[in-house]
file coords_15.cif (mmCIF, C-alpha atoms)
data_data
#
loop_
_atom_site.label_atom_id
_atom_site.label_comp_id
_atom_site.auth_asym_id
_atom_site.auth_seq_id
_atom_site.Cartn_x
_atom_site.Cartn_y
_atom_site.Cartn_z
CA MET A 13 -18.57 -17.68 27.93
CA ALA A 14 -18.30 -18.99 24.38
CA GLY A 15 -17.40 -22.64 23.80
CA LYS A 16 -14.49 -23.80 21.73
CA PRO A 17 -14.44 -22.95 18.05
CA LYS A 18 -15.76 -25.83 15.95
CA LEU A 19 -14.22 -26.51 12.56
CA HIS A 20 -16.28 -28.10 9.78
CA TYR A 21 -14.21 -29.70 7.02
CA PHE A 22 -13.05 -33.05 5.85
CA ASN A 23 -10.23 -34.83 7.62
CA ALA A 24 -7.33 -33.39 5.66
CA ARG A 25 -5.27 -30.20 5.33
CA GLY A 26 -6.97 -28.55 2.38
CA ARG A 27 -8.13 -25.01 3.05
CA MET A 28 -8.69 -25.55 6.73
CA GLU A 29 -5.09 -26.25 7.71
CA SER A 30 -3.96 -22.63 7.86
CA ILE A 31 -6.87 -22.00 10.24
CA ARG A 32 -5.78 -24.92 12.43
CA TRP A 33 -2.23 -23.54 12.52
CA LEU A 34 -3.39 -20.06 13.47
CA LEU A 35 -5.71 -21.25 16.23
CA ALA A 36 -3.00 -23.55 17.55
CA ALA A 37 -0.38 -20.79 17.49
CA ALA A 38 -2.79 -18.53 19.36
CA GLY A 39 -3.14 -21.24 22.00
CA VAL A 40 -6.83 -21.74 21.23
CA GLU A 41 -8.32 -25.20 21.67
CA PHE A 42 -10.77 -26.20 18.98
CA GLU A 43 -13.11 -29.03 18.03
CA GLU A 44 -13.46 -30.58 14.63
CA GLN A 45 -16.49 -32.03 12.87
CA PHE A 46 -15.26 -34.04 9.91
CA LEU A 47 -17.26 -34.47 6.74
CA ALA A 48 -16.71 -38.08 5.78
CA SER A 49 -19.27 -38.51 2.98
CA PRO A 50 -21.23 -36.53 0.38
CA GLU A 51 -24.23 -36.94 2.67
CA ASP A 52 -22.41 -35.13 5.47
CA LEU A 53 -21.85 -32.12 3.21
CA GLU A 54 -25.45 -32.24 1.99
CA LYS A 55 -26.71 -32.33 5.56
CA LEU A 56 -24.67 -29.24 6.42
CA ARG A 57 -25.85 -27.49 3.26
CA ASN A 58 -29.47 -28.19 4.17
CA GLU A 59 -29.06 -26.70 7.63
CA ASP A 60 -30.47 -23.24 7.12
CA GLY A 61 -27.86 -20.60 7.82
CA SER A 62 -24.95 -22.95 8.32
CA LEU A 63 -23.01 -22.58 5.07
CA MET A 64 -23.51 -19.16 3.55
CA PHE A 65 -22.21 -20.21 0.13
CA GLN A 66 -22.76 -23.95 0.62
CA GLN A 67 -19.02 -24.37 1.08
CA VAL A 68 -16.52 -25.34 3.70
CA PRO A 69 -14.30 -24.39 5.53
CA MET A 70 -16.83 -23.18 8.05
CA VAL A 71 -15.98 -22.35 11.64
CA GLU A 72 -18.47 -21.87 14.45
CA ILE A 73 -16.90 -19.24 16.66
CA ASP A 74 -18.31 -16.70 19.08
CA GLY A 75 -21.88 -17.32 17.98
CA MET A 76 -21.10 -16.96 14.29
CA LYS A 77 -21.02 -19.56 11.54
CA LEU A 78 -18.16 -18.11 9.56
CA ALA A 79 -17.36 -19.30 6.07
CA GLN A 80 -14.59 -18.21 3.68
CA THR A 81 -11.04 -18.99 4.74
CA ARG A 82 -9.85 -15.39 4.78
CA ALA A 83 -12.81 -14.16 6.80
CA ILE A 84 -12.08 -16.86 9.37
CA LEU A 85 -8.33 -16.18 9.46
CA ASN A 86 -8.82 -12.40 9.69
CA TYR A 87 -11.20 -12.81 12.63
CA ILE A 88 -8.92 -15.16 14.53
CA ALA A 89 -5.89 -12.95 13.87
CA ALA A 90 -7.68 -9.81 15.06
CA LYS A 91 -9.19 -11.49 18.12
CA TYR A 92 -5.89 -12.94 19.30
CA ASN A 93 -3.74 -9.91 18.51
CA LEU A 94 -1.88 -11.47 15.62
CA TYR A 95 -2.80 -8.73 13.16
CA GLY A 96 -0.41 -5.91 13.99
CA LYS A 97 -1.13 -2.78 15.97
CA ASP A 98 -2.46 -0.42 13.29
CA ILE A 99 -3.75 -0.39 9.75
CA LYS A 100 -0.31 0.07 8.20
CA GLU A 101 1.05 -3.00 9.98
CA ARG A 102 -2.08 -4.84 8.94
CA ALA A 103 -1.44 -3.80 5.34
CA LEU A 104 2.03 -5.34 5.43
CA ILE A 105 0.71 -8.45 7.15
CA ASP A 106 -1.99 -8.74 4.50
CA MET A 107 0.42 -8.23 1.63
CA TYR A 108 2.79 -10.88 2.98
CA SER A 109 -0.05 -13.29 3.84
CA GLU A 110 -1.56 -12.96 0.38
CA GLY A 111 1.77 -13.72 -1.28
CA MET A 112 2.05 -16.81 0.89
CA ALA A 113 -1.50 -17.77 0.01
CA ASP A 114 -0.63 -17.59 -3.69
CA LEU A 115 2.25 -20.04 -3.24
CA ASN A 116 0.21 -22.19 -0.89
CA GLU A 117 -2.54 -22.39 -3.51
CA MET A 118 -0.10 -23.98 -5.95
CA ILE A 119 0.93 -26.54 -3.33
CA LEU A 120 -2.71 -27.19 -2.44
CA HIS A 121 -3.57 -28.05 -6.03
CA LEU A 122 -0.55 -30.28 -6.62
CA PRO A 123 -2.23 -33.55 -5.49
CA LEU A 124 -5.18 -32.76 -7.76
CA CYS A 125 -2.96 -32.35 -10.78
CA PRO A 126 -3.33 -34.92 -13.58
CA PRO A 127 -0.15 -37.05 -13.76
CA ASP A 128 0.95 -35.58 -17.10
CA GLN A 129 0.91 -32.06 -15.66
CA LYS A 130 2.60 -32.85 -12.36
CA ASP A 131 6.17 -32.26 -13.44
CA ALA A 132 5.36 -28.85 -14.90
CA LYS A 133 3.44 -27.92 -11.76
CA MET A 134 6.31 -29.00 -9.51
CA THR A 135 8.78 -27.00 -11.58
CA GLN A 136 6.54 -23.96 -11.27
CA ILE A 137 6.36 -24.35 -7.49
CA ARG A 138 10.14 -24.66 -7.19
CA GLU A 139 10.69 -21.70 -9.46
CA LYS A 140 8.22 -19.44 -7.70
CA THR A 141 9.51 -20.47 -4.27
CA THR A 142 13.16 -19.79 -5.01
CA ASN A 143 12.79 -16.82 -7.36
CA ARG A 144 9.77 -14.96 -6.09
CA TYR A 145 8.37 -15.77 -2.69
CA PHE A 146 11.23 -16.89 -0.48
CA PRO A 147 13.55 -14.09 -1.67
CA ALA A 148 10.80 -11.56 -0.90
CA PHE A 149 10.40 -12.75 2.69
CA GLU A 150 14.13 -13.25 3.27
CA LYS A 151 14.53 -9.64 2.15
CA VAL A 152 11.93 -8.44 4.65
CA LEU A 153 13.70 -10.16 7.53
CA LYS A 154 17.08 -8.90 6.35
CA SER A 155 15.82 -5.33 5.98
CA HIS A 156 14.94 -4.88 9.65
CA GLY A 157 16.90 -7.70 11.27
CA GLN A 158 14.03 -8.39 13.65
CA HIS A 159 12.71 -11.72 14.83
CA TYR A 160 9.31 -11.34 13.24
CA LEU A 161 8.13 -10.20 9.85
CA VAL A 162 6.11 -7.19 11.01
CA GLY A 163 6.29 -4.79 13.90
CA ASN A 164 8.87 -6.71 15.91
CA ARG A 165 6.24 -9.02 17.29
CA LEU A 166 4.48 -12.24 16.37
CA SER A 167 1.73 -11.94 13.80
CA ARG A 168 -0.22 -14.28 11.58
CA ALA A 169 2.29 -13.57 8.81
CA ASP A 170 4.98 -15.44 10.76
CA ILE A 171 2.67 -18.39 11.40
CA HIS A 172 1.52 -18.63 7.76
CA LEU A 173 5.11 -18.41 6.52
CA VAL A 174 6.42 -21.10 8.84
CA GLU A 175 3.52 -23.37 7.86
CA LEU A 176 4.45 -22.77 4.22
CA ILE A 177 8.12 -23.51 4.91
CA TYR A 178 7.16 -26.89 6.36
CA TYR A 179 5.24 -27.70 3.15
CA ILE A 180 8.14 -26.60 0.94
CA GLU A 181 10.49 -28.78 2.97
CA GLU A 182 8.15 -31.72 2.47
CA ILE A 183 8.44 -31.12 -1.26
CA ASP A 184 12.21 -30.54 -1.30
CA PRO A 185 14.32 -29.43 1.67
CA SER A 186 17.04 -28.11 -0.62
CA LEU A 187 14.71 -25.25 -1.58
CA MET A 188 15.54 -23.71 1.79
CA ALA A 189 19.26 -23.67 1.03
CA ASN A 190 19.76 -19.98 0.34
CA PHE A 191 17.39 -18.60 2.93
CA PRO A 192 19.12 -18.57 6.33
CA LEU A 193 16.77 -16.00 7.85
CA LEU A 194 13.72 -18.02 6.86
CA LYS A 195 15.31 -21.10 8.43
CA ALA A 196 15.95 -19.16 11.60
CA LEU A 197 12.36 -17.91 11.65
CA LYS A 198 11.11 -21.44 11.23
CA THR A 199 13.17 -22.60 14.19
CA ARG A 200 12.12 -19.69 16.39
CA ILE A 201 8.42 -20.02 15.65
CA SER A 202 8.54 -23.80 15.98
CA ASN A 203 9.91 -23.39 19.48
CA LEU A 204 7.04 -21.20 20.69
CA PRO A 205 5.23 -23.46 23.17
CA PRO A 206 1.83 -23.60 21.46
CA VAL A 207 3.46 -24.19 18.06
CA LYS A 208 5.82 -26.80 19.47
CA LYS A 209 2.81 -28.62 20.89
CA PHE A 210 0.98 -28.45 17.56
CA LEU A 211 4.01 -29.89 15.77
CA GLN A 212 4.07 -32.97 17.96
CA PRO A 213 2.42 -36.25 16.93
CA GLY A 214 -1.13 -36.60 18.17
CA SER A 215 -2.01 -32.94 17.62
CA GLN A 216 -4.75 -31.78 15.28
CA ARG A 217 -2.21 -31.00 12.57
CA LYS A 218 -3.03 -33.00 9.46
CA PRO A 219 -0.57 -35.06 7.38
CA PRO A 220 -0.08 -34.63 3.64
CA ILE A 221 -3.06 -35.97 1.73
CA ASP A 222 -2.78 -39.61 0.68
CA ALA A 223 -4.52 -41.30 -2.22
CA LYS A 224 -7.32 -42.64 -0.02
CA ALA A 225 -8.11 -39.25 1.52
CA LEU A 226 -7.99 -37.63 -1.92
CA GLU A 227 -10.52 -40.15 -3.24
CA GLU A 228 -12.74 -39.42 -0.24
CA ALA A 229 -12.47 -35.69 -0.90
CA ARG A 230 -13.34 -36.15 -4.57
CA LYS A 231 -16.50 -37.99 -3.58
CA ILE A 232 -17.53 -35.43 -0.99
CA PHE A 233 -16.80 -32.34 -3.04
CA LYS A 234 -17.49 -33.86 -6.45
CA PHE A 235 -14.39 -32.81 -8.32
CA PHE B 13 -6.42 8.80 -7.34
CA GLU B 14 -3.83 8.81 -10.13
CA GLU B 15 -3.14 5.97 -12.51
CA GLN B 16 0.09 4.82 -14.15
CA PHE B 17 -0.83 2.45 -16.95
CA LEU B 18 1.40 -0.42 -18.07
CA LYS B 19 1.16 -0.60 -21.83
CA SER B 20 3.97 -2.96 -22.78
CA PRO B 21 5.98 -5.84 -21.35
CA GLU B 22 8.80 -3.30 -20.98
CA ASP B 23 6.67 -1.14 -18.66
CA LEU B 24 6.13 -4.12 -16.38
CA GLU B 25 9.81 -5.06 -16.51
CA LYS B 26 10.79 -1.53 -15.59
CA LEU B 27 8.55 -1.63 -12.56
CA ARG B 28 9.86 -5.06 -11.61
CA ASN B 29 13.42 -3.77 -11.75
CA GLU B 30 12.65 -0.86 -9.44
CA ASP B 31 13.91 -2.18 -6.14
CA GLY B 32 11.11 -2.43 -3.61
CA SER B 33 8.31 -1.49 -5.96
CA LEU B 34 6.62 -4.82 -6.62
CA MET B 35 7.05 -7.17 -3.69
CA PHE B 36 6.09 -10.24 -5.71
CA GLN B 37 6.80 -8.73 -9.15
CA GLN B 38 3.07 -8.41 -9.71
CA VAL B 39 0.42 -5.77 -10.13
CA PRO B 40 -1.96 -4.41 -8.85
CA MET B 41 0.29 -2.15 -6.86
CA VAL B 42 -0.89 1.02 -5.17
CA GLU B 43 1.35 3.71 -3.75
CA ILE B 44 -0.51 5.05 -0.76
CA ASP B 45 0.56 6.76 2.46
CA GLY B 46 4.24 6.08 1.83
CA MET B 47 3.71 2.38 1.12
CA LYS B 48 3.97 0.47 -2.14
CA LEU B 49 1.20 -1.99 -1.48
CA ALA B 50 0.74 -5.08 -3.59
CA GLN B 51 -1.90 -7.82 -3.40
CA THR B 52 -5.46 -6.81 -4.12
CA ARG B 53 -6.88 -7.82 -0.77
CA ALA B 54 -4.15 -6.03 1.18
CA ILE B 55 -4.90 -2.86 -0.77
CA LEU B 56 -8.69 -3.19 -0.40
CA ASN B 57 -8.47 -3.93 3.33
CA TYR B 58 -6.26 -0.90 3.92
CA ILE B 59 -8.53 1.45 2.02
CA ALA B 60 -11.64 0.05 3.71
CA ALA B 61 -10.12 0.43 7.19
CA LYS B 62 -8.74 3.89 6.50
CA TYR B 63 -12.04 5.23 5.19
CA ASN B 64 -14.31 3.54 7.71
CA LEU B 65 -15.84 1.08 5.31
CA TYR B 66 -14.89 -1.96 7.35
CA GLY B 67 -17.50 -2.08 10.11
CA THR B 68 -17.23 -1.02 13.73
CA ASP B 69 -15.75 -4.15 15.34
CA ILE B 70 -14.19 -7.48 14.51
CA LYS B 71 -17.51 -9.30 14.27
CA GLU B 72 -18.83 -6.84 11.70
CA ARG B 73 -15.51 -7.14 9.90
CA ALA B 74 -15.93 -10.93 9.87
CA LEU B 75 -19.31 -10.62 8.15
CA ILE B 76 -17.94 -8.03 5.73
CA ASP B 77 -15.02 -10.34 4.94
CA MET B 78 -17.24 -13.39 4.47
CA TYR B 79 -19.54 -11.48 2.11
CA SER B 80 -16.62 -9.85 0.25
CA GLU B 81 -14.91 -13.18 -0.24
CA GLY B 82 -18.06 -14.73 -1.70
CA ILE B 83 -18.35 -11.74 -4.01
CA ALA B 84 -14.68 -12.15 -4.96
CA ASP B 85 -15.27 -15.81 -5.87
CA LEU B 86 -18.04 -14.89 -8.31
CA ASN B 87 -16.11 -11.88 -9.54
CA GLU B 88 -13.13 -14.14 -10.29
CA MET B 89 -15.34 -16.14 -12.64
CA THR B 90 -16.66 -13.05 -14.41
CA MET B 91 -13.19 -11.52 -14.61
CA ARG B 92 -11.69 -14.63 -16.19
CA PHE B 93 -14.46 -14.96 -18.72
CA PRO B 94 -12.98 -12.69 -21.46
CA LEU B 95 -9.73 -14.67 -21.24
CA CYS B 96 -11.55 -17.96 -21.72
CA PRO B 97 -10.78 -19.85 -24.93
CA PRO B 98 -13.79 -19.74 -27.30
CA ASP B 99 -14.54 -23.46 -26.97
CA GLU B 100 -14.87 -23.15 -23.19
CA GLN B 101 -16.99 -20.02 -23.16
CA ASP B 102 -20.42 -21.65 -23.18
CA THR B 103 -19.58 -23.89 -20.25
CA LYS B 104 -18.07 -20.98 -18.35
CA MET B 105 -21.07 -18.76 -18.98
CA THR B 106 -23.43 -21.46 -17.79
CA GLN B 107 -21.39 -21.82 -14.61
CA ILE B 108 -21.46 -18.07 -13.98
CA ARG B 109 -25.23 -17.94 -14.45
CA GLU B 110 -25.79 -20.95 -12.25
CA ARG B 111 -23.60 -19.70 -9.43
CA THR B 112 -25.11 -16.23 -9.60
CA THR B 113 -28.71 -17.33 -9.42
CA ASN B 114 -28.35 -20.38 -7.17
CA ARG B 115 -25.55 -19.52 -4.79
CA TYR B 116 -24.36 -15.94 -4.54
CA PHE B 117 -27.32 -13.68 -5.25
CA PRO B 118 -29.68 -15.71 -3.06
CA ALA B 119 -27.17 -15.50 -0.21
CA PHE B 120 -26.99 -11.70 -0.35
CA GLU B 121 -30.72 -11.24 -0.96
CA LYS B 122 -31.24 -13.32 2.16
CA VAL B 123 -28.92 -11.10 4.21
CA LEU B 124 -30.79 -7.96 3.19
CA LYS B 125 -34.12 -9.64 3.82
CA SER B 126 -33.06 -10.88 7.25
CA HIS B 127 -32.50 -7.43 8.75
CA GLY B 128 -34.41 -5.22 6.30
CA GLN B 129 -31.70 -2.58 6.51
CA HIS B 130 -30.27 -0.48 3.73
CA TYR B 131 -26.78 -1.91 3.94
CA LEU B 132 -25.41 -5.41 4.21
CA VAL B 133 -23.67 -4.99 7.57
CA GLY B 134 -24.21 -2.86 10.64
CA ASN B 135 -26.81 -0.58 9.12
CA ARG B 136 -24.16 1.54 7.47
CA LEU B 137 -22.14 1.60 4.26
CA SER B 138 -19.21 -0.79 4.07
CA LYS B 139 -16.92 -2.22 1.43
CA ALA B 140 -19.31 -5.18 1.15
CA ASP B 141 -22.03 -2.94 -0.32
CA ILE B 142 -19.62 -1.39 -2.81
CA HIS B 143 -18.18 -4.73 -3.93
CA LEU B 144 -21.66 -6.21 -4.30
CA VAL B 145 -22.99 -3.33 -6.37
CA GLU B 146 -19.92 -3.46 -8.61
CA LEU B 147 -20.58 -7.17 -9.10
CA ILE B 148 -24.24 -6.53 -9.87
CA TYR B 149 -23.19 -4.17 -12.66
CA TYR B 150 -20.98 -6.92 -14.12
CA VAL B 151 -23.68 -9.53 -13.89
CA GLU B 152 -26.08 -7.16 -15.63
CA GLU B 153 -23.56 -6.67 -18.41
CA ILE B 154 -23.59 -10.43 -18.89
CA ASP B 155 -27.37 -10.82 -18.63
CA PRO B 156 -29.76 -8.36 -16.94
CA SER B 157 -32.38 -11.08 -16.48
CA LEU B 158 -30.16 -12.65 -13.81
CA LEU B 159 -31.31 -9.90 -11.44
CA ALA B 160 -34.95 -10.84 -11.96
CA ASN B 161 -35.67 -12.56 -8.67
CA PHE B 162 -33.61 -10.30 -6.44
CA PRO B 163 -35.58 -7.15 -5.64
CA LEU B 164 -33.52 -6.25 -2.58
CA LEU B 165 -30.28 -6.48 -4.56
CA LYS B 166 -31.81 -4.24 -7.22
CA ALA B 167 -32.82 -1.75 -4.56
CA LEU B 168 -29.31 -1.85 -3.04
CA LYS B 169 -27.84 -1.20 -6.46
CA THR B 170 -30.07 1.85 -6.93
CA ARG B 171 -29.37 3.22 -3.47
CA ILE B 172 -25.59 2.82 -3.69
CA SER B 173 -25.51 4.15 -7.26
CA ASN B 174 -27.19 7.31 -6.02
CA LEU B 175 -24.56 8.07 -3.39
CA PRO B 176 -22.83 11.17 -4.79
CA PRO B 177 -19.31 9.77 -5.11
CA VAL B 178 -20.60 6.55 -6.69
CA LYS B 179 -22.93 8.47 -8.99
CA LYS B 180 -19.96 10.50 -10.17
CA PHE B 181 -17.88 7.37 -10.74
CA LEU B 182 -20.67 5.85 -12.82
CA GLN B 183 -20.71 8.77 -15.22
CA PRO B 184 -18.84 8.76 -18.53
CA GLY B 185 -15.39 10.28 -18.26
CA SER B 186 -14.64 8.83 -14.84
CA GLN B 187 -11.78 6.41 -14.12
CA ARG B 188 -14.17 3.46 -14.26
CA LYS B 189 -13.00 1.04 -16.91
CA PRO B 190 -15.19 -0.56 -19.60
CA PRO B 191 -15.57 -4.32 -20.05
CA ALA B 192 -12.48 -6.07 -21.44
CA ASP B 193 -12.67 -6.39 -25.17
CA PRO B 194 -10.90 -9.18 -27.04
CA LYS B 195 -8.21 -6.75 -28.23
CA ALA B 196 -7.51 -5.54 -24.68
CA SER B 197 -7.54 -9.14 -23.42
CA LYS B 198 -4.98 -10.13 -26.02
CA ALA B 199 -2.81 -7.18 -24.97
CA ALA B 200 -3.14 -8.18 -21.33
CA ARG B 201 -2.15 -11.74 -22.11
CA GLU B 202 0.94 -10.51 -23.94
CA LEU B 203 1.78 -8.09 -21.18
CA PHE B 204 1.53 -10.59 -18.38
CA LYS B 205 2.64 -13.55 -20.49
CA ILE B 206 -0.41 -15.71 -19.76
#

call {"tool": "encode", "arguments": {"input": "coords_15.cif", "output": "structure tokens"}}
result
Amino acid sequence: MAGKPKLHYFNARGRMESIRWLLAAAGVEFEEQFLASPEDLEKLRNEDGSLMFQQVPMVEIDGMKLAQTRAILNYIAAKYNLYGKDIKERALIDMYSEGMADLNEMILHLPLCPPDQKDAKMTQIREKTTNRYFPAFEKVLKSHGQHYLVGNRLSRADIHLVELIYYIEEIDPSLMANFPLLKALKTRISNLPPVKKFLQPGSQRKPPIDAKALEEARKIFKF
Amino acid sequence: FEEQFLKSPEDLEKLRNEDGSLMFQQVPMVEIDGMKLAQTRAILNYIAAKYNLYGTDIKERALIDMYSEGIADLNEMTMRFPLCPPDEQDTKMTQIRERTTNRYFPAFEKVLKSHGQHYLVGNRLSKADIHLVELIYYVEEIDPSLLANFPLLKALKTRISNLPPVKKFLQPGSQRKPPADPKASKAARELFKI
């Protein structure tokens, strides 16, 4: 019987957070090993076979040391039946998830933005959210009137989207104004017991990055 | 497969205005099996699964994904290179060389060495082998000497290149596209307004 998955990353959202959300939504308990210094990352890099490309996220799961966010997410989704029932459903789930990842990438980079570029970056995020991504997903939900994005059942696409909605609301709740079906999805998914639990204080969900954590990350990852 | 080329900003606009064609108003988009699929990875994953190039189980798929994503990271650097402003090109080239020889190629050489098999995963052809060989061709276009210390990668390249459908694709007159030239890059930048 395999032990709990073990997540290797620093103590912040970054690229690991979507993995935490997906595991939590699947009801899977996991452990975390935080990298707190450049030496911690070096140590992991020097462990033969631990980090295939010398990068984190890395997740130890089912005897594998899996790197690359998408490889990890795809495995978890497939293992816990959050990846649709056939390759066509998976194609839709992938297309939706990749669109979300594109928007999420912009949000991810926002704290790293030099101050003089921040306004432009924020404007871009708002614009893409309200003109490209949220309309696309609202349209999907409207088109079939079902409770989930794909195949009338919960998939990773729903989890990724709700996670993204929480981040957009942190940036500006008014961005949700014209998307009633997305709001309803957020409420529905948030009420699923494992998600509800993850949303409560004291869970392994990470807060937005603060200046101290960002400084720590810069030192560890040298950027 | 057929190809519909976008040659002008108007072509892209037309496609964007077709309801339901471009989910996020972006290309690539592939019409396949009644779907209009956007997002490169969604398209690749579908093709790989449909044509049995995605391993036999979820663990093999995990390895294939991990390898493919590493390949995609290096490919992203090589793909962006022609669009790089001239004053940044030296730095970018150095980074590509460094990553190729110190991070990515050693990782894949190690995989092949570890099991001694002819393919990266599961002793049979998968998307990972195809993506890697494609990447090797690009790296060779940049600098063939970068392959110097990777005999197993060279052997993989030869083996995959000799598979009949790949061999055909490598021949002149196929749908394989040449390296971006500055003129084509300028056109692409105008087209996609970047």

call {"tool": "interface_residues", "arguments": {"input": "coords_15.cif", "of": "chain A", "to": "chain B", "cutoff": "9 Å", "atoms": "all atoms listed in the file", "output": "VMD selection string"}}
result
chain A and resid 64 to 66 74 76 78 to 84 86 to 87 90 to 91 99 to 100 102 to 111 144 to 145 148

call {"tool": "resolve_selection", "arguments": {"input": "coords_15.cif", "expression": "the PyMOL selection byres ((chain A and resi 40-42) around 8)", "output": "number ranges by chain"}}
result
A: 16-19, 35-39, 43-44

call {"tool": "atom_distance", "arguments": {"input": "coords_15.cif", "atom1": "atom CA of A:Ile221", "atom2": "atom CA of A:Leu161"}}
result
29.2 Å

call {"tool": "atom_distance", "arguments": {"input": "coords_15.cif", "atom1": "atom CA of B:Pro194", "atom2": "atom CA of B:Val39"}}
result
20.6 Å

call {"tool": "atom_distance", "arguments": {"input": "coords_15.cif", "atom1": "atom CA of B:Thr112", "atom2": "atom CA of B:Glu146"}}
result
13.8 Å

call {"tool": "residues_around", "arguments": {"input": "coords_15.cif", "residues": "A:Leu153", "least_positions_apart": "3", "cutoff": "9 Å", "atoms": "only C-alpha atoms", "output": "ChimeraX atom specification"}}
result
/A:149-150,156-162,193-194,197

call {"tool": "axis_aligned_box", "arguments": {"input": "coords_15.cif", "around": "stretch 51-59 of chain A", "padding_each_side": "8 Å", "output": "AutoDock Vina command-line options"}}
result
--center_x -25.7 --center_y -31.8 --center_z 4.8 --size_x 23.6 --size_y 26.2 --size_z 21.6

call {"tool": "residues_near_point", "arguments": {"input": "coords_15.cif", "point": "(-28.2, -18.0, -13.5)", "cutoff": "12 Å", "atoms": "only C-alpha atoms", "output": "list in words"}}
result
Leu86, Lys104, Met105, Thr106, Gln107, Ile108, Arg109, Glu110, Arg111, Thr112, Thr113, Asn114, Arg115, Tyr116, Phe117, Pro118, Val151, Glu152, Ile154, Asp155, Pro156, Ser157, Leu158, Leu159, Ala160, Asn161 and Phe162 of chain B

call {"tool": "write_last_selection", "arguments": {"input": "coords_15.cif", "atoms": "C-alpha atoms", "output": "mmCIF file, keeping the file's coordinate frame"}}
result
data_model
loop_
_atom_site.group_PDB
_atom_site.id
_atom_site.type_symbol
_atom_site.label_atom_id
_atom_site.label_comp_id
_atom_site.auth_asym_id
_atom_site.auth_seq_id
_atom_site.Cartn_x
_atom_site.Cartn_y
_atom_site.Cartn_z
ATOM 1 C CA LEU B 86 -18.040 -14.890 -8.310
ATOM 2 C CA LYS B 104 -18.070 -20.980 -18.350
ATOM 3 C CA MET B 105 -21.070 -18.760 -18.980
ATOM 4 C CA THR B 106 -23.430 -21.460 -17.790
ATOM 5 C CA GLN B 107 -21.390 -21.820 -14.610
ATOM 6 C CA ILE B 108 -21.460 -18.070 -13.980
ATOM 7 C CA ARG B 109 -25.230 -17.940 -14.450
ATOM 8 C CA GLU B 110 -25.790 -20.950 -12.250
ATOM 9 C CA ARG B 111 -23.600 -19.700 -9.430
ATOM 10 C CA THR B 112 -25.110 -16.230 -9.600
ATOM 11 C CA THR B 113 -28.710 -17.330 -9.420
ATOM 12 C CA ASN B 114 -28.350 -20.380 -7.170
ATOM 13 C CA ARG B 115 -25.550 -19.520 -4.790
ATOM 14 C CA TYR B 116 -24.360 -15.940 -4.540
ATOM 15 C CA PHE B 117 -27.320 -13.680 -5.250
ATOM 16 C CA PRO B 118 -29.680 -15.710 -3.060
ATOM 17 C CA VAL B 151 -23.680 -9.530 -13.890
ATOM 18 C CA GLU B 152 -26.080 -7.160 -15.630
ATOM 19 C CA ILE B 154 -23.590 -10.430 -18.890
ATOM 20 C CA ASP B 155 -27.370 -10.820 -18.630
ATOM 21 C CA PRO B 156 -29.760 -8.360 -16.940
ATOM 22 C CA SER B 157 -32.380 -11.080 -16.480
ATOM 23 C CA LEU B 158 -30.160 -12.650 -13.810
ATOM 24 C CA LEU B 159 -31.310 -9.900 -11.440
ATOM 25 C CA ALA B 160 -34.950 -10.840 -11.960
ATOM 26 C CA ASN B 161 -35.670 -12.560 -8.670
ATOM 27 C CA PHE B 162 -33.610 -10.300 -6.440
#

call {"tool": "resolve_selection", "arguments": {"input": "coords_15.cif", "expression": "the PyMOL selection byres ((chain A and resi 141) around 12)", "output": "VMD selection string"}}
result
(chain A and resid 111 to 112 114 to 116 118 to 119 134 to 140 142 to 150 173 176 to 177 179 to 181 183 to 191) or (chain B and resid 36)

call {"tool": "write_last_selection", "arguments": {"input": "coords_15.cif", "atoms": "C-alpha atoms", "output": "compact mmCIF listing (two decimals), in the frame of the given file"}}
result
# COMPACT_ATOMS: atom_id res chain seq x y z
CA GLY A 111 1.77 -13.72 -1.28
CA MET A 112 2.05 -16.81 0.89
CA ASP A 114 -0.63 -17.59 -3.69
CA LEU A 115 2.25 -20.04 -3.24
CA ASN A 116 0.21 -22.19 -0.89
CA MET A 118 -0.10 -23.98 -5.95
CA ILE A 119 0.93 -26.54 -3.33
CA MET A 134 6.31 -29.00 -9.51
CA THR A 135 8.78 -27.00 -11.58
CA GLN A 136 6.54 -23.96 -11.27
CA ILE A 137 6.36 -24.35 -7.49
CA ARG A 138 10.14 -24.66 -7.19
CA GLU A 139 10.69 -21.70 -9.46
CA LYS A 140 8.22 -19.44 -7.70
CA THR A 142 13.16 -19.79 -5.01
CA ASN A 143 12.79 -16.82 -7.36
CA ARG A 144 9.77 -14.96 -6.09
CA TYR A 145 8.37 -15.77 -2.69
CA PHE A 146 11.23 -16.89 -0.48
CA PRO A 147 13.55 -14.09 -1.67
CA ALA A 148 10.80 -11.56 -0.90
CA PHE A 149 10.40 -12.75 2.69
CA GLU A 150 14.13 -13.25 3.27
CA LEU A 173 5.11 -18.41 6.52
CA LEU A 176 4.45 -22.77 4.22
CA ILE A 177 8.12 -23.51 4.91
CA TYR A 179 5.24 -27.70 3.15
CA ILE A 180 8.14 -26.60 0.94
CA GLU A 181 10.49 -28.78 2.97
CA ILE A 183 8.44 -31.12 -1.26
CA ASP A 184 12.21 -30.54 -1.30
CA PRO A 185 14.32 -29.43 1.67
CA SER A 186 17.04 -28.11 -0.62
CA LEU A 187 14.71 -25.25 -1.58
CA MET A 188 15.54 -23.71 1.79
CA ALA A 189 19.26 -23.67 1.03
CA ASN A 190 19.76 -19.98 0.34
CA PHE A 191 17.39 -18.60 2.93
CA PHE B 36 6.09 -10.24 -5.71

call {"tool": "residues_near_point", "arguments": {"input": "coords_15.cif", "point": "(-22.9, -2.9, 3.4)", "cutoff": "10 Å", "atoms": "only C-alpha atoms", "output": "ChimeraX atom specification"}}
result
/B:65-67,75-76,79-80,124,129-145,168,172
